[in-house]
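Student: Data file data02.txt (compact mmCIF, C-alpha atoms) is appended below.
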```
# COMPACT_ATOMS: atom_id res chain seq x y z
CA MET A 1 85.31 145.56 72.42
CA ALA A 2 86.45 142.55 70.37
CA GLU A 3 82.87 141.46 69.71
CA ARG A 4 81.89 144.99 68.71
CA ILE A 5 84.66 144.94 66.09
CA GLN A 6 83.31 141.65 64.74
CA ILE A 7 79.77 143.07 64.66
CA SER A 8 81.07 146.08 62.74
CA ILE A 9 82.86 143.89 60.18
CA TYR A 10 79.89 141.58 59.68
CA SER A 11 77.48 144.51 59.51
CA HIS A 12 79.53 146.28 56.83
CA SER A 13 79.74 143.06 54.83
CA GLY A 14 75.95 142.95 54.65
CA LYS A 15 75.27 140.05 57.01
CA THR A 16 71.90 139.95 58.73
CA GLN A 17 71.48 140.12 62.49
CA THR A 18 70.67 136.42 62.58
CA GLU A 19 73.88 135.57 60.69
CA ILE A 20 75.95 137.84 62.95
CA ALA A 21 74.46 136.24 66.04
CA ALA A 22 75.25 132.74 64.75
CA ALA A 23 78.85 133.74 63.99
CA LEU A 24 79.34 135.18 67.49
CA GLY A 25 77.48 132.45 69.34
CA ARG A 26 75.05 135.04 70.68
CA SER A 27 71.29 135.33 70.54
CA GLN A 28 69.74 137.44 67.80
CA SER A 29 68.17 139.67 70.45
CA THR A 30 71.60 140.47 71.92
CA VAL A 31 72.94 141.61 68.55
CA SER A 32 69.76 143.55 67.86
CA ARG A 33 70.01 145.34 71.21
CA GLU A 34 73.66 146.25 70.60
CA LEU A 35 72.88 147.73 67.20
CA ARG A 36 69.80 149.53 68.48
CA ARG A 37 71.52 151.12 71.47
CA ASN A 38 74.94 151.93 70.04
CA GLN A 39 74.38 152.61 66.36
CA PRO A 40 74.25 156.31 65.32
CA PRO A 41 70.70 157.76 65.23
CA LYS A 42 68.50 157.15 62.19
CA ASN A 43 71.13 154.78 60.74
CA THR A 44 72.85 157.76 59.10
CA VAL A 45 76.17 155.99 59.51
CA LYS A 46 77.02 152.31 59.58
CA TYR A 47 77.69 150.69 62.97
CA ASN A 48 81.18 151.64 64.18
CA ALA A 49 82.83 149.52 66.88
CA GLN A 50 84.87 152.33 68.44
CA LYS A 51 81.96 154.78 68.51
CA ALA A 52 79.67 152.08 69.88
CA HIS A 53 82.13 151.31 72.67
CA GLU A 54 82.46 155.00 73.56
CA ARG A 55 78.68 155.43 73.55
CA SER A 56 78.22 152.40 75.83
CA THR A 57 80.93 153.57 78.24
CA GLN A 58 79.46 157.07 78.45
CA ARG A 59 76.01 155.67 79.13
CA LYS A 60 77.37 153.64 82.07
CA LEU A 61 79.16 156.70 83.45
CA ASN A 62 76.00 158.78 83.20
CA ALA A 63 74.03 156.08 84.98
CA ALA A 64 76.59 155.94 87.76
CA LYS A 65 76.26 159.68 88.34
CA LYS A 66 72.51 159.49 88.93
CA GLU A 67 71.37 159.56 92.53
CA ARG A 68 70.25 156.09 93.51
CA LEU A 69 67.94 156.92 96.41
CA LYS A 70 65.95 160.06 95.67
CA ASP A 71 63.23 159.73 98.31
CA PRO A 72 64.59 161.38 101.50
CA VAL A 73 62.30 159.28 103.70
CA ILE A 74 63.62 156.02 102.22
CA LYS A 75 67.17 157.34 102.36
CA ASP A 76 66.96 158.23 106.07
CA TYR A 77 65.31 154.89 106.83
CA ALA A 78 68.03 152.98 104.96
CA HIS A 79 70.83 154.92 106.66
CA ASP A 80 69.36 154.28 110.13
CA LYS A 81 68.98 150.55 109.51
CA ILE A 82 72.46 150.22 107.98
CA ARG A 83 73.91 151.76 111.14
CA LEU A 84 72.06 149.09 113.14
CA GLY A 85 73.79 146.38 111.12
CA TRP A 86 70.96 145.54 108.72
CA SER A 87 71.81 144.34 105.23
CA PRO A 88 70.29 146.01 102.14
CA GLU A 89 68.32 142.80 101.55
CA GLN A 90 66.70 143.12 104.97
CA ILE A 91 65.95 146.80 104.45
CA ALA A 92 64.35 146.26 101.04
CA GLY A 93 62.19 143.46 102.39
CA ARG A 94 61.03 145.38 105.44
CA ILE A 95 60.59 148.93 104.14
CA ASN A 96 57.05 148.49 102.83
CA ILE A 97 55.97 147.23 106.26
CA ASP A 98 57.55 150.05 108.24
CA LEU A 99 56.84 152.72 105.61
CA PRO A 100 53.58 151.79 103.84
CA GLY A 101 53.58 152.90 100.21
CA LYS A 102 57.37 153.15 100.03
CA GLN A 103 59.57 150.62 98.28
CA THR A 104 63.01 150.11 96.82
CA ASN A 105 65.21 147.13 95.99
CA TYR A 106 68.40 145.98 97.67
CA GLU A 107 70.59 146.54 94.59
CA THR A 108 69.57 150.20 94.59
CA ILE A 109 70.63 150.48 98.23
CA TYR A 110 73.98 148.83 97.49
CA LEU A 111 74.62 151.24 94.61
CA HIS A 112 73.73 154.18 96.83
CA LEU A 113 76.19 153.01 99.49
CA TYR A 114 79.08 152.22 97.18
CA GLN A 115 78.70 155.32 95.01
CA GLU A 116 77.42 157.97 97.42
CA ARG A 117 77.77 156.90 101.06
CA THR A 118 80.95 154.86 101.35
CA ASP A 119 81.19 155.94 104.99
CA LEU A 120 78.31 153.56 105.78
CA ILE A 121 79.91 150.45 104.23
CA GLN A 122 81.66 149.73 107.53
CA TYR A 123 78.27 148.93 109.09
CA LEU A 124 77.40 146.20 106.58
CA PRO A 125 77.60 142.60 107.77
CA LYS A 126 81.03 141.28 106.80
CA ARG A 127 79.70 138.97 104.10
CA HIS A 128 78.09 141.94 102.31
CA ARG A 129 81.07 144.31 102.24
CA LYS A 130 82.53 142.94 99.01
CA ARG A 131 79.93 143.00 96.28
CA LYS A 132 79.64 140.03 93.95
CA LYS A 133 79.39 140.88 90.29
CA ARG A 134 75.84 140.74 89.04
CA GLY A 135 75.11 137.74 86.90
CA LEU A 136 77.39 135.35 88.77
CA LYS A 137 75.66 132.32 90.20
CA ILE A 138 75.62 131.98 93.97
CA LYS A 139 75.94 128.47 95.30
CA ASN A 140 72.77 127.40 97.04
CA ARG A 141 73.48 126.32 100.61
CA VAL A 142 69.99 125.12 101.45
CA GLY A 143 70.98 121.52 100.76
CA LYS A 144 73.29 121.49 103.80
CA ILE A 145 70.30 121.51 106.17
CA PRO A 146 68.58 118.10 106.31
CA ASP A 147 64.78 117.94 106.49
CA ARG A 148 64.51 121.66 105.96
CA ILE A 149 60.88 122.84 105.69
CA SER A 150 60.28 126.12 103.87
CA ILE A 151 58.49 129.04 105.48
CA ASP A 152 55.97 128.60 102.65
CA GLU A 153 54.69 125.55 104.54
CA ARG A 154 54.29 127.43 107.82
CA PRO A 155 50.64 127.77 108.97
CA GLU A 156 48.98 131.02 107.95
CA VAL A 157 48.01 131.67 111.57
CA VAL A 158 51.69 132.40 112.28
CA ASN A 159 51.62 135.28 109.81
CA GLU A 160 48.49 136.64 111.47
CA ARG A 161 50.34 137.09 114.78
CA SER A 162 47.16 136.14 116.63
CA ARG A 163 48.65 133.74 119.17
CA ALA A 164 51.73 133.27 121.34
CA GLY A 165 54.19 130.41 120.84
CA ASP A 166 55.48 131.18 117.34
CA LEU A 167 59.18 131.90 117.74
CA GLU A 168 62.07 133.25 115.66
CA ILE A 169 65.74 132.53 116.31
CA ASP A 170 69.07 134.04 115.24
CA THR A 171 72.57 134.82 116.53
CA VAL A 172 74.58 137.92 117.37
CA TRP A 173 78.28 137.46 116.71
CA SER A 174 81.50 139.33 116.00
CA ARG A 175 84.91 138.64 114.47
CA ARG A 176 86.59 138.95 117.87
CA SER A 177 85.85 135.38 118.99
CA SER A 178 83.84 132.27 118.21
CA ALA A 179 81.50 132.96 121.13
CA CYS A 180 78.15 134.56 120.30
CA LEU A 181 74.64 135.24 121.54
CA GLN A 182 71.59 133.19 120.64
CA VAL A 183 68.40 135.25 120.48
CA ILE A 184 64.90 133.72 120.51
CA VAL A 185 61.83 135.97 120.29
CA ASP A 186 58.09 135.33 120.41
CA ARG A 187 56.47 136.98 117.37
CA VAL A 188 53.43 138.20 119.34
CA THR A 189 54.49 138.84 122.95
CA HIS A 190 58.05 139.84 121.94
CA PHE A 191 59.28 137.93 124.99
CA THR A 192 62.98 137.41 124.40
CA TRP A 193 65.49 134.78 125.49
CA ILE A 194 69.20 135.57 125.13
CA ASN A 195 71.70 132.74 125.57
CA LEU A 196 75.48 132.91 125.62
CA LEU A 197 77.06 130.32 123.29
CA LYS A 198 80.69 129.21 123.19
CA ASP A 199 80.47 128.93 119.40
CA LYS A 200 78.03 128.71 116.46
CA SER A 201 78.20 124.95 116.06
CA ALA A 202 74.93 123.22 115.27
CA MET A 203 74.90 121.16 118.48
CA GLU A 204 75.71 124.14 120.69
CA MET A 205 72.87 126.06 119.06
CA VAL A 206 70.24 123.35 119.44
CA ASP A 207 71.26 122.29 122.96
CA LYS A 208 71.00 125.86 124.26
CA ALA A 209 67.63 126.31 122.59
CA ILE A 210 66.31 123.08 124.14
CA GLN A 211 67.59 124.06 127.57
CA CYS A 212 65.93 127.45 127.18
CA LEU A 213 62.51 126.27 125.94
CA LYS A 214 62.00 122.84 127.53
CA ASP A 215 60.06 124.09 130.56
CA LEU A 216 57.54 126.07 128.50
CA PRO A 217 54.04 124.63 128.04
CA PRO A 218 53.42 123.34 124.49
CA GLU A 219 51.16 126.28 123.60
CA LEU A 220 54.13 128.64 124.11
CA ARG A 221 56.46 126.73 121.78
CA ARG A 222 54.44 125.87 118.69
CA THR A 223 56.78 126.85 115.83
CA ILE A 224 60.26 128.28 115.40
CA THR A 225 61.67 129.95 112.28
CA PHE A 226 65.36 129.92 111.30
CA ASP A 227 67.52 131.37 108.56
CA ASN A 228 69.63 129.04 106.39
CA GLY A 229 72.90 129.19 108.33
CA THR A 230 74.52 125.80 108.83
CA GLU A 231 74.48 126.43 112.59
CA ASN A 232 70.79 125.51 112.34
CA ALA A 233 71.44 122.11 110.76
CA ALA A 234 70.54 120.19 113.94
CA HIS A 235 66.99 121.57 114.07
CA ARG A 236 65.55 118.03 113.95
CA LYS A 237 66.74 117.45 117.52
CA LEU A 238 64.76 120.49 118.64
CA LYS A 239 61.69 119.18 116.85
CA GLU A 240 62.01 115.67 118.28
CA ILE A 241 62.60 116.67 121.90
CA LEU A 242 60.27 119.67 122.19
CA ASP A 243 57.68 118.67 119.56
CA ILE A 244 58.05 122.12 117.98
CA ASP A 245 57.62 122.63 114.23
CA THR A 246 60.70 124.10 112.53
CA TYR A 247 60.63 126.31 109.42
CA PHE A 248 63.26 128.10 107.34
CA CYS A 249 63.21 131.45 105.58
CA HIS A 250 63.91 131.65 101.87
CA PRO A 251 67.65 132.01 101.16
CA TYR A 252 68.82 135.62 101.62
CA HIS A 253 65.36 136.64 102.93
CA SER A 254 66.24 137.11 106.59
CA TRP A 255 63.59 139.85 106.87
CA GLU A 256 61.05 137.02 106.92
CA LYS A 257 61.95 136.73 110.61
CA GLY A 258 61.83 140.46 111.16
CA THR A 259 60.89 140.28 114.86
CA VAL A 260 64.19 138.75 115.89
CA GLU A 261 66.09 140.92 113.39
CA ASN A 262 64.66 144.07 114.99
CA THR A 263 65.47 142.72 118.44
CA ILE A 264 69.05 142.12 117.38
CA GLY A 265 69.22 145.72 116.19
CA ILE A 266 68.42 146.81 119.75
CA ILE A 267 70.91 144.34 121.25
CA ARG A 268 73.62 145.75 118.97
CA ARG A 269 73.29 149.11 120.72
CA ILE A 270 74.53 147.39 123.90
CA PHE A 271 76.88 144.89 122.28
CA PRO A 272 78.32 146.52 119.12
CA LYS A 273 80.10 144.58 116.40
CA SER A 274 83.45 145.08 118.12
CA THR A 275 82.26 143.08 121.17
CA ASP A 276 84.31 140.06 122.20
CA PHE A 277 81.54 137.73 123.37
CA SER A 278 84.02 135.38 125.02
CA LYS A 279 84.41 138.11 127.65
CA VAL A 280 80.68 138.71 128.12
CA THR A 281 79.12 137.12 131.21
CA VAL A 282 75.68 135.59 131.72
CA GLU A 283 74.94 138.32 134.24
CA GLN A 284 75.54 140.99 131.59
CA ILE A 285 72.91 139.60 129.26
CA LYS A 286 70.20 139.11 131.88
```
Output the file's structure as structure tokens, nothing else.
Tutor:
Amino acid sequence: MAERIQISIYSHSGKTQTEIAAALGRSQSTVSRELRRNQPPKNTVKYNAQKAHERSTQRKLNAAKKERLKDPVIKDYAHDKIRLGWSPEQIAGRINIDLPGKQTNYETIYLHLYQERTDLIQYLPKRHRKRKKRGLKIKNRVGKIPDRISIDERPEVVNERSRAGDLEIDTVWSRRSSACLQVIVDRVTHFTWINLLKDKSAMEMVDKAIQCLKDLPPELRRTITFDNGTENAAHRKLKEILDIDTYFCHPYHSWEKGTVENTIGIIRRIFPKSTDFSKVTVEQIK
């Protein structure tokens, strides 16, 4: 509001948009957009700060009232995946694969949940339940993983799903304890290994994976794809001992390992988010 008052004063004094922008420390395009959107139609009246503020507020309220997901097919798909524990980012990245010709973006799904279906917020992964304000920078955590190789460098044959031996890995955890499940899935055969871990430490993760995969012939352990969690920081040990190539998804693009994500969705039906994995036995996961 304070800047709108300044714009009003400068505008009435005859200053140009360029001069107003310089005085406010804003770009000329920002001032131009404010005048264009919040000035009375046809410039019949000079820019008024109070009226401009009211007009801007009303526009935001009107936008908030609009339904965010209009396509019932997309809406049902999003609701089903949310209940399985998927994040809006995963849903947006996967929807065009599962529903050819359909698309939406994750911010639209978040708005739909927080404005229309608050009952589904409980199913969001914990880190997604409190929304960050748009425009704030998110610290990049990729640097915490040494010798990380991007999925962009992964051989194209992996994307073709024409051979066995290309694996994806992730964890299933809950807030009840530090124990969790490690899930490894072959992208083609969908053969799945589930390991019980005492915690999500990097060494626990890599040691269990080595123990699980060491007896496989080389052609059945060619590549393995991770997300950017720090529990995957010891991936070099896996590469050195098993001679398996390791790759990492883009940050916040966990759908790039959709095979293991879908498998985890099925596992969650048996072990919901309230599960205390410290009380789960090896026999139960076999």
Student: Just how far from atom CA of Pro218 of chain A is atom CA of His253 of chain A, in Å to one decimal?
Tutor: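 Straight-line distance from atom CA of His253 of chain A to atom CA of Pro218 of chain A works out to 28.0 Å.
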Student: List the spatial neighbours of segment 12-14 of chain A as an MDAnalysis selection string - criterion: any atom at most 12 Å away, all atoms listed in the file, same-chain residues fewer than 3 positions off excluded.
Tutor: chainID A and resid 5:9 17:20 45:49
Student: When you count all atoms listed in the file, which of these residues is closest to Leu216 of chain A: A:Ala21, A:Ala233, A:Leu242, A:Leu196?
Tutor: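 When distances to Leu216 of chain A are compared using all atoms listed in the file, the smallest one comes from A:Leu242.
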Student: For atom CA of Pro100 of chain A and atom CA of Ala78 of chain A, determine how far apart the two atoms are, in Å to one decimal place.
Tutor: 14.5 Å
Student: Do a neighbour search on His235 of chain A at 9 Å with all atoms listed in the file, toss out local chain neighbours closer than 6 positions, and write the hits as an NGL selection string.
Tutor: :A and (145-148 or 202 or 205-206 or 226 or 246)
Student: Save out the residues we just selected, C-alpha atoms, as a PDB file, keeping the file's coordinate frame.
Tutor:
```pdb
ATOM      1  CA  ILE A 145      70.300 121.510 106.170  1.00  0.00           C
ATOM      2  CA  PRO A 146      68.580 118.100 106.310  1.00  0.00           C
ATOM      3  CA  ASP A 147      64.780 117.940 106.490  1.00  0.00           C
ATOM      4  CA  ARG A 148      64.510 121.660 105.960  1.00  0.00           C
ATOM      5  CA  ALA A 202      74.930 123.220 115.270  1.00  0.00           C
ATOM      6  CA  MET A 205      72.870 126.060 119.060  1.00  0.00           C
ATOM      7  CA  VAL A 206      70.240 123.350 119.440  1.00  0.00           C
ATOM      8  CA  PHE A 226      65.360 129.920 111.300  1.00  0.00           C
ATOM      9  CA  THR A 246      60.700 124.100 112.530  1.00  0.00           C
TER      10      THR A 246
END
```
Student: Would you list the residues near (56.8, 155.8, 106.9) (no more than 12 Å away, in the coordinates of the file, using all atoms listed in the file) as a tab-separated table (two decimals) with C-alpha atoms, in the frame of the given file?
Tutor:
```
chain	number	residue	atom	x	y	z
A	71	ASP	CA	63.23	159.73	98.31
A	72	PRO	CA	64.59	161.38	101.50
A	73	VAL	CA	62.30	159.28	103.70
A	74	ILE	CA	63.62	156.02	102.22
A	75	LYS	CA	67.17	157.34	102.36
A	76	ASP	CA	66.96	158.23	106.07
A	77	TYR	CA	65.31	154.89	106.83
A	78	ALA	CA	68.03	152.98	104.96
A	94	ARG	CA	61.03	145.38	105.44
A	95	ILE	CA	60.59	148.93	104.14
A	96	ASN	CA	57.05	148.49	102.83
A	97	ILE	CA	55.97	147.23	106.26
A	98	ASP	CA	57.55	150.05	108.24
A	99	LEU	CA	56.84	152.72	105.61
A	100	PRO	CA	53.58	151.79	103.84
A	101	GLY	CA	53.58	152.90	100.21
A	102	LYS	CA	57.37	153.15	100.03
A	103	GLN	CA	59.57	150.62	98.28
```
Student: What is the distance between atom CA of Trp255 of chain A and atom CA of Ile91 of chain A, in Å to one decimal?
Tutor: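 So the two atoms, atom CA of Trp255 of chain A and atom CA of Ile91 of chain A, lie 7.7 Å apart.
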Student: Step by step: start from the point (60.8, 134.8, 114.6) in the file's coordinates, keep every protein, DNA or RNA residue that has an atom no farther than 10 Å from it, count all atoms listed in the file, and write the set as a PyMOL selection string.
Tutor: chain A and resi 158+166-170+183-188+190+223-227+247+249+254-261+263
Student: Report the closest atom pair, with its distance in Å rounded to one decimal, for each residue of segment 69-119 of chain A that has an atom no farther than 12 Å from segment 266-283 of chain A; count only C-alpha atoms, sort by chain and then rising residue number, and write it as CSV.
Tutor:
```
residue,atom,partner,partner_atom,distance
A:Lys81,CA,A:Ile266,CA,10.9
A:Ile82,CA,A:Arg268,CA,11.9
A:Arg83,CA,A:Arg268,CA,9.9
A:Leu84,CA,A:Arg268,CA,6.9
A:Gly85,CA,A:Arg268,CA,7.9
A:Trp86,CA,A:Arg268,CA,10.6
```
